[in-house]
file structure_13.cif (mmCIF, C-alpha atoms)
data_upload
#
loop_
_atom_site.label_atom_id
_atom_site.label_comp_id
_atom_site.auth_asym_id
_atom_site.auth_seq_id
_atom_site.Cartn_x
_atom_site.Cartn_y
_atom_site.Cartn_z
CA MET N 18 5.33 -28.43 -57.78
CA THR N 19 6.35 -29.69 -54.37
CA GLU N 20 5.47 -33.01 -52.86
CA ALA N 21 3.54 -33.61 -49.65
CA ALA N 22 5.54 -32.77 -46.54
CA TYR N 23 6.59 -35.46 -44.11
CA PRO N 24 4.16 -35.83 -41.22
CA ALA N 25 5.25 -34.27 -37.95
CA VAL N 26 3.56 -37.07 -36.00
CA GLU N 27 4.98 -40.54 -35.58
CA PRO N 28 2.14 -42.86 -36.59
CA ALA N 29 2.36 -46.58 -36.17
CA VAL N 30 3.25 -48.62 -39.21
CA SER N 31 1.08 -51.51 -40.36
CA THR N 32 2.76 -54.81 -39.52
CA THR N 33 0.40 -57.27 -41.16
CA VAL N 34 2.92 -58.70 -43.65
CA GLU N 35 6.16 -60.55 -43.09
CA LEU N 36 9.31 -59.86 -45.07
CA PRO N 37 8.71 -61.83 -48.28
CA ALA N 38 11.05 -64.19 -49.99
CA ARG N 39 12.75 -62.86 -53.09
CA PRO N 40 10.22 -63.12 -55.96
CA ALA N 41 10.72 -65.95 -58.38
CA VAL N 42 9.58 -63.86 -61.33
CA GLU N 43 12.20 -62.29 -63.54
CA SER N 44 12.97 -58.73 -62.43
CA SER N 45 14.31 -55.73 -64.32
CA ALA N 46 17.03 -55.03 -61.75
CA ASP N 47 20.55 -56.31 -62.28
CA ILE N 48 22.04 -57.13 -58.88
CA THR N 49 25.51 -56.86 -60.40
CA VAL N 50 25.08 -53.11 -60.98
CA GLU N 51 28.24 -51.52 -59.63
CA PRO N 52 27.98 -48.05 -58.07
CA PRO N 53 29.87 -45.20 -59.72
CA ALA N 54 32.80 -43.55 -58.02
CA PRO N 55 31.87 -40.24 -56.34
CA LEU N 56 32.67 -37.26 -58.51
CA PRO N 57 35.57 -35.19 -57.11
CA GLY N 58 34.50 -31.96 -55.46
CA THR N 59 31.03 -33.08 -54.43
CA GLU N 60 31.73 -33.82 -50.76
CA GLU N 61 31.34 -30.18 -49.69
CA LEU N 62 28.91 -29.11 -52.41
CA PHE N 63 25.72 -29.34 -50.33
CA THR N 64 24.75 -28.37 -46.80
CA LEU N 65 22.54 -31.37 -46.04
CA ASP N 66 22.58 -32.82 -42.53
CA ARG N 67 25.33 -35.45 -42.58
CA GLU N 68 23.71 -37.50 -39.84
CA SER N 69 20.76 -38.19 -42.12
CA VAL N 70 20.31 -40.02 -45.41
CA HIS N 71 18.61 -38.11 -48.22
CA LEU N 72 17.24 -40.40 -50.91
CA ASN N 73 14.43 -38.06 -51.95
CA HIS N 74 16.10 -35.52 -54.21
CA GLY N 75 13.16 -35.94 -56.58
CA SER N 76 10.81 -34.11 -54.22
CA TYR N 77 12.53 -30.94 -53.06
CA GLY N 78 16.04 -31.16 -54.47
CA ALA N 79 19.04 -29.75 -52.64
CA VAL N 80 20.60 -26.40 -53.50
CA PRO N 81 24.38 -26.43 -53.99
CA LEU N 82 26.34 -24.07 -51.76
CA PRO N 83 27.52 -21.82 -54.66
CA VAL N 84 23.90 -21.28 -55.70
CA GLN N 85 22.87 -20.56 -52.12
CA ARG N 86 25.52 -17.84 -52.02
CA VAL N 87 24.31 -16.26 -55.25
CA GLN N 88 20.80 -16.06 -53.83
CA GLU N 89 22.08 -14.64 -50.55
CA ARG N 90 23.85 -11.84 -52.45
CA LEU N 91 20.69 -11.09 -54.38
CA ARG N 92 18.65 -10.88 -51.19
CA ALA N 93 21.21 -8.56 -49.63
CA GLU N 94 21.11 -6.36 -52.74
CA GLN N 95 17.32 -6.23 -52.55
CA GLU N 96 17.37 -5.12 -48.92
CA ARG N 97 19.89 -2.34 -49.59
CA ASP N 98 17.54 -0.67 -52.11
CA PRO N 99 14.13 -2.35 -52.51
CA ASP N 100 12.79 0.38 -54.84
CA GLY N 101 15.67 0.12 -57.24
CA PHE N 102 15.70 -3.68 -57.09
CA PHE N 103 12.02 -3.97 -58.05
CA ALA N 104 12.29 -1.26 -60.70
CA ASP N 105 14.92 -3.32 -62.52
CA LEU N 106 13.26 -6.68 -61.97
CA PRO N 107 11.30 -7.12 -65.24
CA ALA N 108 14.50 -6.72 -67.27
CA ARG N 109 16.50 -8.95 -64.94
CA VAL N 110 13.85 -11.66 -64.96
CA GLY N 111 13.88 -11.44 -68.75
CA ALA N 112 17.64 -11.90 -68.80
CA ALA N 113 17.40 -14.91 -66.47
CA ARG N 114 14.70 -16.38 -68.70
CA THR N 115 16.91 -15.99 -71.76
CA ALA N 116 19.80 -17.72 -70.01
CA LEU N 117 17.57 -20.56 -68.84
CA ALA N 118 16.01 -20.98 -72.28
CA ALA N 119 19.50 -21.49 -73.71
CA GLU N 120 20.17 -24.20 -71.13
CA LEU N 121 16.86 -25.88 -71.88
CA GLY N 122 17.22 -25.58 -75.65
CA THR N 123 14.05 -23.60 -76.24
CA ASP N 124 12.87 -20.15 -77.38
CA PRO N 125 12.86 -17.56 -74.56
CA ALA N 126 9.83 -15.91 -76.16
CA LEU N 127 7.88 -19.12 -75.52
CA LEU N 128 9.19 -19.73 -71.99
CA ALA N 129 7.86 -18.23 -68.76
CA LEU N 130 9.23 -18.47 -65.24
CA VAL N 131 6.77 -19.73 -62.65
CA ALA N 132 7.02 -20.84 -59.04
CA ASN N 133 6.52 -24.55 -59.75
CA VAL N 134 4.65 -27.10 -61.82
CA THR N 135 1.51 -26.80 -59.69
CA GLU N 136 1.23 -23.17 -60.76
CA ALA N 137 2.10 -23.98 -64.38
CA VAL N 138 -0.61 -26.61 -64.74
CA ALA N 139 -3.18 -24.12 -63.45
CA VAL N 140 -2.11 -21.63 -66.15
CA ALA N 141 -2.27 -24.29 -68.85
CA LEU N 142 -5.67 -25.64 -67.85
CA ASP N 143 -7.11 -22.15 -67.62
CA SER N 144 -5.85 -21.38 -71.12
CA VAL N 145 -7.37 -24.39 -72.90
CA PRO N 146 -11.04 -23.94 -73.88
CA LEU N 147 -13.27 -26.81 -72.78
CA ALA N 148 -16.93 -27.50 -73.45
CA PRO N 149 -19.53 -29.77 -71.82
CA GLY N 150 -18.99 -33.35 -72.95
CA ASP N 151 -15.30 -32.92 -73.72
CA ARG N 152 -13.06 -35.63 -72.29
CA ILE N 153 -9.66 -35.17 -70.64
CA LEU N 154 -7.16 -38.01 -70.46
CA VAL N 155 -4.89 -38.61 -67.43
CA THR N 156 -3.11 -41.70 -66.09
CA ASP N 157 -3.07 -43.32 -62.68
CA HIS N 158 0.67 -42.54 -62.47
CA GLY N 159 0.06 -38.78 -62.49
CA TYR N 160 1.03 -36.45 -59.68
CA GLY N 161 -1.90 -36.06 -57.28
CA ALA N 162 -2.13 -32.26 -57.22
CA VAL N 163 -2.00 -32.08 -61.02
CA THR N 164 -4.75 -34.69 -61.39
CA GLU N 165 -6.90 -32.85 -58.87
CA ALA N 166 -6.43 -29.62 -60.81
CA VAL N 167 -7.62 -31.44 -63.94
CA ARG N 168 -10.69 -32.73 -62.12
CA ARG N 169 -11.60 -29.27 -60.85
CA ARG N 170 -11.20 -27.71 -64.31
CA ALA N 171 -13.28 -30.49 -65.86
CA ALA N 172 -16.06 -30.01 -63.31
CA GLU N 173 -16.15 -26.27 -64.02
CA ALA N 174 -16.44 -26.86 -67.77
CA GLY N 175 -18.80 -29.83 -67.66
CA ALA N 176 -16.08 -32.07 -69.12
CA GLU N 177 -15.23 -35.63 -68.09
CA VAL N 178 -11.92 -37.12 -66.94
CA ASP N 179 -10.79 -40.52 -68.22
CA THR N 180 -8.05 -42.23 -66.20
CA VAL N 181 -5.80 -44.65 -68.06
CA ARG N 182 -4.74 -47.52 -65.81
CA LEU N 183 -1.12 -48.36 -66.55
CA PRO N 184 0.05 -51.64 -64.99
CA LEU N 185 3.26 -51.21 -63.02
CA ASP N 186 4.97 -53.96 -65.02
CA LEU N 187 4.48 -52.45 -68.48
CA PRO N 188 7.88 -53.23 -70.00
CA ASP N 189 8.77 -50.07 -71.92
CA GLU N 190 7.75 -46.69 -73.30
CA ASP N 191 6.11 -48.25 -76.37
CA ALA N 192 3.77 -50.32 -74.21
CA VAL N 193 2.88 -47.24 -72.19
CA ALA N 194 2.12 -45.24 -75.35
CA ALA N 195 -0.05 -48.02 -76.74
CA ALA N 196 -2.13 -48.09 -73.55
CA VAL N 197 -2.61 -44.31 -73.61
CA LEU N 198 -3.58 -44.19 -77.29
CA ALA N 199 -6.05 -47.03 -76.82
CA ALA N 200 -7.96 -44.80 -74.39
CA VAL N 201 -8.34 -41.88 -76.83
CA GLY N 202 -11.93 -41.47 -77.99
CA GLY N 203 -13.85 -39.20 -80.29
CA ARG N 204 -14.52 -36.64 -77.54
CA THR N 205 -10.95 -36.65 -76.16
CA VAL N 206 -9.70 -33.08 -76.55
CA LEU N 207 -6.97 -32.85 -73.91
CA ALA N 208 -4.34 -35.17 -72.44
CA VAL N 209 -2.39 -34.26 -69.29
CA LEU N 210 0.58 -36.61 -69.06
CA ASP N 211 3.81 -36.94 -67.13
CA GLN N 212 7.15 -36.82 -68.89
CA ILE N 213 8.68 -38.72 -65.95
CA THR N 214 6.14 -39.96 -63.43
CA SER N 215 6.57 -38.94 -59.81
CA PRO N 216 5.56 -42.19 -58.04
CA THR N 217 7.00 -44.72 -60.49
CA ALA N 218 9.87 -42.89 -62.30
CA ARG N 219 8.53 -43.97 -65.70
CA ARG N 220 8.58 -42.02 -68.96
CA ILE N 221 5.15 -41.52 -70.49
CA ALA N 222 4.98 -38.39 -72.65
CA GLY N 223 7.73 -39.09 -75.16
CA PRO N 224 7.99 -37.62 -78.68
CA ALA N 225 6.25 -40.53 -80.42
CA LEU N 226 3.22 -40.47 -78.13
CA LEU N 227 2.91 -36.69 -78.32
CA ALA N 228 3.08 -36.79 -82.13
CA ALA N 229 0.39 -39.48 -82.24
CA LEU N 230 -1.88 -37.44 -79.96
CA ARG N 231 -1.36 -34.36 -82.11
CA GLU N 232 -2.38 -36.37 -85.20
CA ARG N 233 -5.60 -37.24 -83.38
CA GLY N 234 -6.31 -33.58 -82.62
CA VAL N 235 -5.64 -33.89 -78.88
CA THR N 236 -4.12 -30.91 -77.06
CA THR N 237 -1.27 -32.06 -74.83
CA VAL N 238 -0.16 -30.75 -71.45
CA VAL N 239 3.09 -32.35 -70.26
CA ASP N 240 4.19 -32.40 -66.63
CA GLY N 241 7.99 -32.38 -66.91
CA ALA N 242 8.61 -31.75 -63.20
CA HIS N 243 11.70 -34.00 -63.15
CA ALA N 244 13.06 -33.32 -66.64
CA PRO N 245 15.21 -30.13 -66.35
CA GLY N 246 18.72 -31.08 -65.34
CA MET N 247 17.96 -34.80 -65.52
CA LEU N 248 17.25 -35.14 -69.25
CA ALA N 249 19.59 -33.68 -71.83
CA GLY N 250 16.71 -32.30 -73.91
CA PRO N 251 13.94 -31.71 -71.39
CA VAL N 252 11.46 -29.56 -73.33
CA GLU N 253 9.17 -31.61 -75.56
CA PRO N 254 8.54 -29.40 -78.63
CA ALA N 255 5.52 -31.45 -79.69
CA ALA N 256 3.66 -30.63 -76.46
CA ASP N 257 1.23 -27.73 -76.54
CA PHE N 258 2.14 -26.93 -72.94
CA TRP N 259 5.22 -28.27 -71.17
CA PHE N 260 6.42 -27.33 -67.71
CA GLY N 261 9.17 -28.40 -65.36
CA ASN N 262 10.78 -27.63 -62.03
CA LEU N 263 14.33 -26.30 -61.82
CA HIS N 264 14.65 -26.79 -58.06
CA LYS N 265 14.95 -30.56 -58.41
CA TRP N 266 17.64 -31.71 -60.84
CA ALA N 267 18.78 -28.32 -62.18
CA PHE N 268 20.08 -27.13 -58.77
CA ALA N 269 17.99 -23.92 -58.69
CA PRO N 270 16.68 -22.43 -55.45
CA ARG N 271 13.10 -23.17 -54.51
CA ALA N 272 10.68 -22.30 -55.94
CA THR N 273 11.67 -22.10 -59.59
CA GLY N 274 9.77 -23.62 -62.47
CA VAL N 275 9.30 -22.95 -66.18
CA LEU N 276 6.37 -23.12 -68.57
CA ALA N 277 6.91 -23.54 -72.32
CA VAL N 278 4.17 -23.26 -74.93
CA ARG N 279 3.94 -23.83 -78.65
CA PRO N 280 3.83 -20.59 -80.71
CA GLU N 281 0.11 -20.86 -81.48
CA TRP N 282 -0.70 -20.76 -77.75
CA ALA N 283 1.43 -17.79 -76.71
CA ALA N 284 -1.24 -15.15 -77.34
CA ARG N 285 -3.91 -17.31 -75.71
CA VAL N 286 -2.19 -17.96 -72.38
CA ARG N 287 -4.28 -16.73 -69.48
CA PRO N 288 -2.20 -15.72 -66.42
CA LEU N 289 -3.52 -16.54 -62.98
CA ALA N 290 -3.60 -12.87 -61.97
CA LEU N 291 -3.68 -9.55 -63.82
CA SER N 292 -0.51 -7.52 -63.24
CA TRP N 293 1.25 -4.35 -64.35
CA GLU N 294 3.05 -6.45 -66.96
CA HIS N 295 -0.16 -7.79 -68.48
CA HIS N 296 0.01 -5.43 -71.46
CA ARG N 297 3.31 -6.99 -72.51
CA GLY N 298 1.70 -10.35 -73.13
CA TYR N 299 3.30 -13.76 -72.68
CA PRO N 300 5.66 -14.52 -71.01
CA ALA N 301 5.87 -11.31 -68.93
CA CYS N 302 2.17 -11.39 -68.06
CA VAL N 303 2.62 -14.81 -66.42
CA GLU N 304 5.84 -13.95 -64.59
CA TRP N 305 5.04 -10.72 -62.80
CA ARG N 306 3.29 -11.09 -59.45
CA GLY N 307 4.05 -7.84 -57.65
CA THR N 308 5.96 -7.84 -54.39
CA CYS N 309 7.26 -11.39 -54.31
CA ASP N 310 10.66 -12.98 -53.89
CA TYR N 311 12.21 -13.23 -57.35
CA THR N 312 15.69 -14.12 -56.12
CA PRO N 313 15.24 -17.87 -56.81
CA TRP N 314 14.61 -17.08 -60.49
CA LEU N 315 17.56 -14.71 -60.75
CA ALA N 316 19.84 -17.29 -59.13
CA ALA N 317 18.55 -20.21 -61.21
CA PRO N 318 21.13 -19.87 -64.03
CA ALA N 319 23.84 -20.48 -61.39
CA GLY N 320 22.38 -23.94 -60.87
CA PHE N 321 23.08 -24.83 -64.48
CA GLU N 322 26.58 -23.39 -64.09
CA VAL N 323 27.21 -25.85 -61.26
CA LEU N 324 25.83 -28.69 -63.36
CA ARG N 325 28.07 -27.68 -66.25
CA SER N 326 31.14 -27.39 -64.02
CA PHE N 327 30.94 -31.11 -63.22
CA GLY N 328 29.94 -32.03 -66.76
CA ALA N 329 26.18 -32.35 -67.25
CA ASP N 330 26.40 -35.70 -69.04
CA ARG N 331 28.84 -36.98 -66.44
CA VAL N 332 26.44 -36.03 -63.64
CA ARG N 333 23.51 -37.68 -65.40
CA GLN N 334 25.46 -40.90 -66.00
CA HIS N 335 26.64 -40.94 -62.39
CA ASN N 336 23.14 -40.45 -61.03
CA GLU N 337 21.51 -42.99 -63.34
CA ARG N 338 24.06 -45.64 -62.47
CA LEU N 339 23.84 -44.93 -58.74
CA ALA N 340 20.02 -45.13 -58.85
CA GLY N 341 20.30 -48.47 -60.62
CA HIS N 342 22.70 -49.70 -57.96
CA GLY N 343 20.32 -48.59 -55.21
CA GLN N 344 17.36 -50.35 -56.82
CA ALA N 345 19.36 -53.54 -57.33
CA LEU N 346 20.61 -53.51 -53.74
CA LEU N 347 17.11 -53.07 -52.32
CA ALA N 348 15.74 -55.82 -54.57
CA GLU N 349 18.49 -58.21 -53.51
CA ARG N 350 18.46 -57.45 -49.78
CA LEU N 351 14.69 -57.22 -49.30
CA GLY N 352 13.21 -59.31 -52.08
CA LEU N 353 11.29 -56.29 -53.39
CA GLU N 354 10.10 -56.28 -56.99
CA PRO N 355 11.97 -53.65 -59.02
CA LEU N 356 9.75 -51.77 -61.44
CA PRO N 357 10.86 -51.24 -65.05
CA ALA N 358 13.34 -48.39 -65.34
CA THR N 359 13.53 -45.64 -67.95
CA PRO N 360 16.99 -44.97 -69.41
CA GLY N 361 18.45 -41.64 -68.36
CA VAL N 362 16.32 -41.29 -65.22
CA SER N 363 17.99 -40.68 -61.84
CA MET N 364 15.23 -42.36 -59.85
CA ARG N 365 14.12 -45.95 -59.43
CA ALA N 366 11.02 -47.58 -57.99
CA LEU N 367 10.28 -50.88 -56.28
CA ARG N 368 7.08 -52.58 -55.19
CA LEU N 369 6.54 -53.07 -51.46
CA PRO N 370 4.92 -56.27 -50.16
CA ARG N 371 1.14 -56.55 -50.16
CA GLY N 372 -0.30 -54.77 -47.16
CA TRP N 373 2.45 -52.15 -46.98
CA GLY N 374 1.86 -48.57 -48.11
CA GLU N 375 -1.33 -49.41 -49.98
CA GLU N 376 -3.54 -46.74 -48.42
CA GLU N 377 -3.20 -42.95 -48.43
CA ALA N 378 -2.44 -42.84 -44.71
CA ALA N 379 -0.12 -45.88 -44.66
CA ALA N 380 2.42 -44.53 -47.16
CA PRO N 381 3.35 -41.33 -45.27
CA ALA N 382 3.26 -43.31 -42.03
CA LEU N 383 5.97 -45.62 -43.33
CA MET N 384 8.01 -42.64 -44.53
CA ALA N 385 7.70 -41.03 -41.11
CA GLU N 386 8.77 -44.21 -39.34
CA LEU N 387 11.86 -44.57 -41.53
CA TRP N 388 12.80 -41.02 -40.63
CA ARG N 389 12.08 -41.32 -36.91
CA ARG N 390 13.94 -44.56 -36.39
CA HIS N 391 16.64 -44.45 -39.06
CA ALA N 392 16.94 -40.80 -40.20
CA VAL N 393 16.27 -41.82 -43.81
CA ARG N 394 14.27 -39.66 -46.20
CA THR N 395 12.61 -41.43 -49.09
CA VAL N 396 9.20 -41.61 -50.76
CA VAL N 397 6.45 -44.21 -50.59
CA ARG N 398 3.40 -43.76 -52.77
CA PRO N 399 0.17 -45.66 -52.09
CA TRP N 400 -0.71 -48.33 -54.63
CA PRO N 401 -3.23 -51.17 -54.53
CA GLY N 402 -1.50 -54.46 -53.85
CA GLY N 403 1.59 -52.89 -52.28
CA GLY N 404 2.94 -49.35 -52.17
CA VAL N 405 5.68 -48.04 -54.43
CA LEU N 406 9.04 -47.10 -52.91
CA ARG N 407 10.96 -44.51 -54.94
CA VAL N 408 14.63 -43.73 -54.42
CA SER N 409 16.63 -40.91 -56.00
CA ALA N 410 20.33 -40.55 -56.73
CA GLN N 411 22.28 -37.30 -56.67
CA LEU N 412 25.92 -36.27 -56.33
CA TYR N 413 25.77 -36.26 -52.54
CA ASN N 414 24.52 -39.86 -52.31
CA ARG N 415 26.77 -42.84 -51.64
CA PRO N 416 26.12 -46.62 -51.78
CA ARG N 417 25.99 -46.72 -47.99
CA ASP N 418 22.82 -44.59 -48.13
CA TYR N 419 20.90 -47.35 -49.89
CA GLU N 420 22.36 -49.92 -47.49
CA ARG N 421 21.01 -47.90 -44.55
CA LEU N 422 17.59 -47.71 -46.16
CA ALA N 423 17.64 -51.46 -46.82
CA ALA N 424 18.57 -52.22 -43.20
CA GLY N 425 15.94 -49.89 -41.81
CA LEU N 426 13.19 -51.10 -44.09
CA ALA N 427 14.07 -54.74 -43.37
CA GLU N 428 13.68 -54.06 -39.65
CA LEU N 429 10.24 -52.53 -40.17
CA LEU N 430 9.04 -55.23 -42.55
CA LYS N 431 10.01 -58.00 -40.15
CA GLU N 432 8.09 -56.55 -37.23
CA ARG N 433 4.65 -57.76 -36.36
#
call {"tool": "encode", "arguments": {"input": "structure_13.cif", "output": "C-alpha cells"}}
result
Amino acid sequence: MTEAAYPAVEPAVSTTVELPARPAVESSADITVEPPAPLPGTEELFTLDRESVHLNHGSYGAVPLPVQRVQERLRAEQERDPDGFFADLPARVGAARTALAAELGTDPALLALVANVTEAVAVALDSVPLAPGDRILVTDHGYGAVTEAVRRRAAEAGAEVDTVRLPLDLPDEDAVAAAVLAAVGGRTVLAVLDQITSPTARRIAGPALLAALRERGVTTVVDGAHAPGMLAGPVEPAADFWFGNLHKWAFAPRATGVLAVRPEWAARVRPLALSWEHHRGYPACVEWRGTCDYTPWLAAPAGFEVLRSFGADRVRQHNERLAGHGQALLAERLGLEPLPATPGVSMRALRLPRGWGEEEAAAPALMAELWRRHAVRTVVRPWPGGGVLRVSAQLYNRPRDYERLAAGLAELLKER
C-alpha cells in the first residue's frame, strides 16, 4: 500500500487560525525527551536529497544503498537472459519467501509475496464469503484505500459497514479494544483493523483484541502496513488474514508486501488473477503475475540484512526515541497537542489547530506548502476539529529535521 502522492500544484493554505497558545491540558509528550545519538555508519546509507528533510518514512520508506545495489544486479541479470531469469523465478521467489518468513517469524507455507497492502486487502476480502445483511467492522483511523475496498466489497455482497469512531485521546490499547468490542453485534462477521494506524500511529489490532474477536466468531483482517521491520514480532498469529509492507520499515525495494493467513484459510484464498502457477495453490497462486518486475521481492531479504547489521532492536529503540523527541519538540515549540503514543512505534502524531487540515483538500495543501517553502516532507491527515500531523523517525533523521519542520510550520500557522 502506498500513500497519496504529494500534489504537483502549489495550492494556497488556509490561514483562518492563529498560532495557538500551548494547551493547558495535560499532554502525553515529555518535552525532556532527549534525542538518541546517530548510529555509526548511517550517514552514507541512503541516497535521499540532502537539501530536503524527509520526515515521512512511514509512507514510501527509503531504500538503503546496499539494497539498491542488490536490486540493480538482479535487473542486470534479468536483461542478460530474460528467458532463463523468468524460467527460474518461481523457485527463486519461493526461496525469498522462505527467507522473509524466517525474518518475520512465520510459516513460509502460509506467507505470500504481494506488491503491497492494497493488493493484499483485495485478496483477503475476495476470499471471505459474505452474505446480505452481514456487517463489517472498520474504524475511522483506517487507511482510506483499505476502507474503500471494504465498502466496495460490502456493496457487492449486500453487506453493511459499521465504522467505529475512536476518539483521538483514547489513552491506551485497552481503551481502543473496548471501543471496538462494544461495536460488535450479532451480525458482525468481519473486522478489518489496523495493527498500527496510518494517520494516528496508534496500535489497534493487538493480540488481546484479536482473541476476543475470534471468541465472538468474527473473522479478522489486519492491516499491518507499518509492522514489518518496526515491530519485533510483526505477524499477528490470531488474525485470519494479516498483511504488511516491507518497503517501509524493513528496507525492501518498492513494491514489496506480504500476506499471511491462518492454516484454515490457505486452501480458500482466491488470487486476483488466474496464472500458470494456479495449480500449485497458495501461496504460489497469489504470487505469480506473469511478466512483471520481481526484483524487489528477490532483493527484499537484503533489507533485513541491513537491519540486522545495525542491530534490529538497536534501530527500533533509536527510531522510537527520535520520534518521541520530534513529537515533544513540536508540542513545545508550536503548542500542538501530542496524541497518545504506542510503545515501539517509530511514528508520532500531533493535533493541528482547529481550522487547519480539517478537509480532504486542506491537508495535502498544507503538505505541499511545507515542501514548496521549506523542502520538508511530512504527512497531514484530515480530521474534524483540526488535522493530524504525523512524523516518522528513521536512521537518516536528525533532531535538526524536526526543528526545521517546527520553524516552517510556525511560519505558516502565524500567517493570515
call {"tool": "resolve_selection", "arguments": {"input": "structure_13.cif", "expression": "the PyMOL selection byres ((chain N and resi 54-67) around 6)", "output": "PDB file with C-alpha atoms, in the frame of the given file"}}
result
ATOM      1  CA  PRO N  53      29.870 -45.200 -59.720  1.00  0.00           C
ATOM      2  CA  GLU N  68      23.710 -37.500 -39.840  1.00  0.00           C
ATOM      3  CA  SER N  69      20.760 -38.190 -42.120  1.00  0.00           C
ATOM      4  CA  PRO N  81      24.380 -26.430 -53.990  1.00  0.00           C
ATOM      5  CA  LEU N  82      26.340 -24.070 -51.760  1.00  0.00           C
TER       6      LEU N  82
END
call {"tool": "resolve_selection", "arguments": {"input": "structure_13.cif", "expression": "the PyMOL selection byres ((chain N and resi 237) around 12)", "output": "PyMOL selection string"}}
result
chain N and resi 138+141-142+145+153-155+205-212+222-224+226-236+238-240+253-260+278-279+282
call {"tool": "atom_distance", "arguments": {"input": "structure_13.cif", "atom1": "atom CA of His296 of chain N", "atom2": "atom CA of Arg114 of chain N"}}
result
18.5 Å
call {"tool": "closest_atom_pairs", "arguments": {"input": "structure_13.cif", "of": "segment 262-360 of chain N", "to": "segment 370-394 of chain N", "cutoff": "10 Å", "atoms": "all atoms listed in the file", "output": "JSON lines"}}
result
{"residue": "N:Leu351", "atom": "CA", "partner": "N:Pro370", "partner_atom": "CA", "distance": 9.9}
{"residue": "N:Gly352", "atom": "CA", "partner": "N:Pro370", "partner_atom": "CA", "distance": 9.0}
{"residue": "N:Leu353", "atom": "CA", "partner": "N:Pro370", "partner_atom": "CA", "distance": 7.1}
{"residue": "N:Glu354", "atom": "CA", "partner": "N:Pro370", "partner_atom": "CA", "distance": 8.6}
call {"tool": "closest_residue", "arguments": {"input": "structure_13.cif", "among": "N:Ala348, N:Leu185, N:Val193, N:Val252", "to": "Ala119 of chain N", "atoms": "all atoms listed in the file"}}
result
N:Val252
call {"tool": "residues_around", "arguments": {"input": "structure_13.cif", "residues": "Gly298 of chain N", "least_positions_apart": "3", "cutoff": "9 Å", "atoms": "only C-alpha atoms", "output": "list in words"}}
result
Ala283, Ala284, Val286, Glu294, His295, Ala301, Cys302 and Val303 of chain N
call {"tool": "write_last_selection", "arguments": {"input": "structure_13.cif", "atoms": "C-alpha atoms", "output": "compact mmCIF listing (two decimals), in the coordinates of the input"}}
result
# COMPACT_ATOMS: atom_id res chain seq x y z
CA ALA N 283 1.43 -17.79 -76.71
CA ALA N 284 -1.24 -15.15 -77.34
CA VAL N 286 -2.19 -17.96 -72.38
CA GLU N 294 3.05 -6.45 -66.96
CA HIS N 295 -0.16 -7.79 -68.48
CA ALA N 301 5.87 -11.31 -68.93
CA CYS N 302 2.17 -11.39 -68.06
CA VAL N 303 2.62 -14.81 -66.42
call {"tool": "resolve_selection", "arguments": {"input": "structure_13.cif", "expression": "the PyMOL selection byres ((chain N and resi 128-134) around 8)", "output": "MDAnalysis selection string"}}
result
chainID N and resid 18:19 114 118 123:127 135:138 240 242 260:262 271:278 299:301 303:304 314
call {"tool": "atom_distance", "arguments": {"input": "structure_13.cif", "atom1": "atom CA of Pro83 of chain N", "atom2": "atom CA of Gly343 of chain N"}}
result
27.7 Å
call {"tool": "atom_distance", "arguments": {"input": "structure_13.cif", "atom1": "atom CA of Arg168 of chain N", "atom2": "atom CA of Thr156 of chain N"}}
result
12.4 Å
call {"tool": "closest_residue", "arguments": {"input": "structure_13.cif", "among": "N:Ala174, N:Leu248, N:Val362, N:Val197", "to": "Glu337 of chain N", "atoms": "all atoms listed in the file"}}
result
N:Val362
call {"tool": "closest_residue", "arguments": {"input": "structure_13.cif", "among": "N:Leu187, N:Ala410, N:Ala113, N:Ala199", "to": "Trp266 of chain N", "atoms": "all atoms listed in the file"}}
result
N:Ala410
call {"tool": "closest_residue", "arguments": {"input": "structure_13.cif", "among": "N:Leu324, N:His342, N:Pro401, N:Glu432", "to": "Arg182 of chain N", "atoms": "only C-alpha atoms"}}
result
N:Pro401
call {"tool": "closest_residue", "arguments": {"input": "structure_13.cif", "among": "N:Pro270, N:Pro280, N:Gly175, N:Pro355", "to": "Glu89 of chain N", "atoms": "all atoms listed in the file"}}
result
N:Pro270
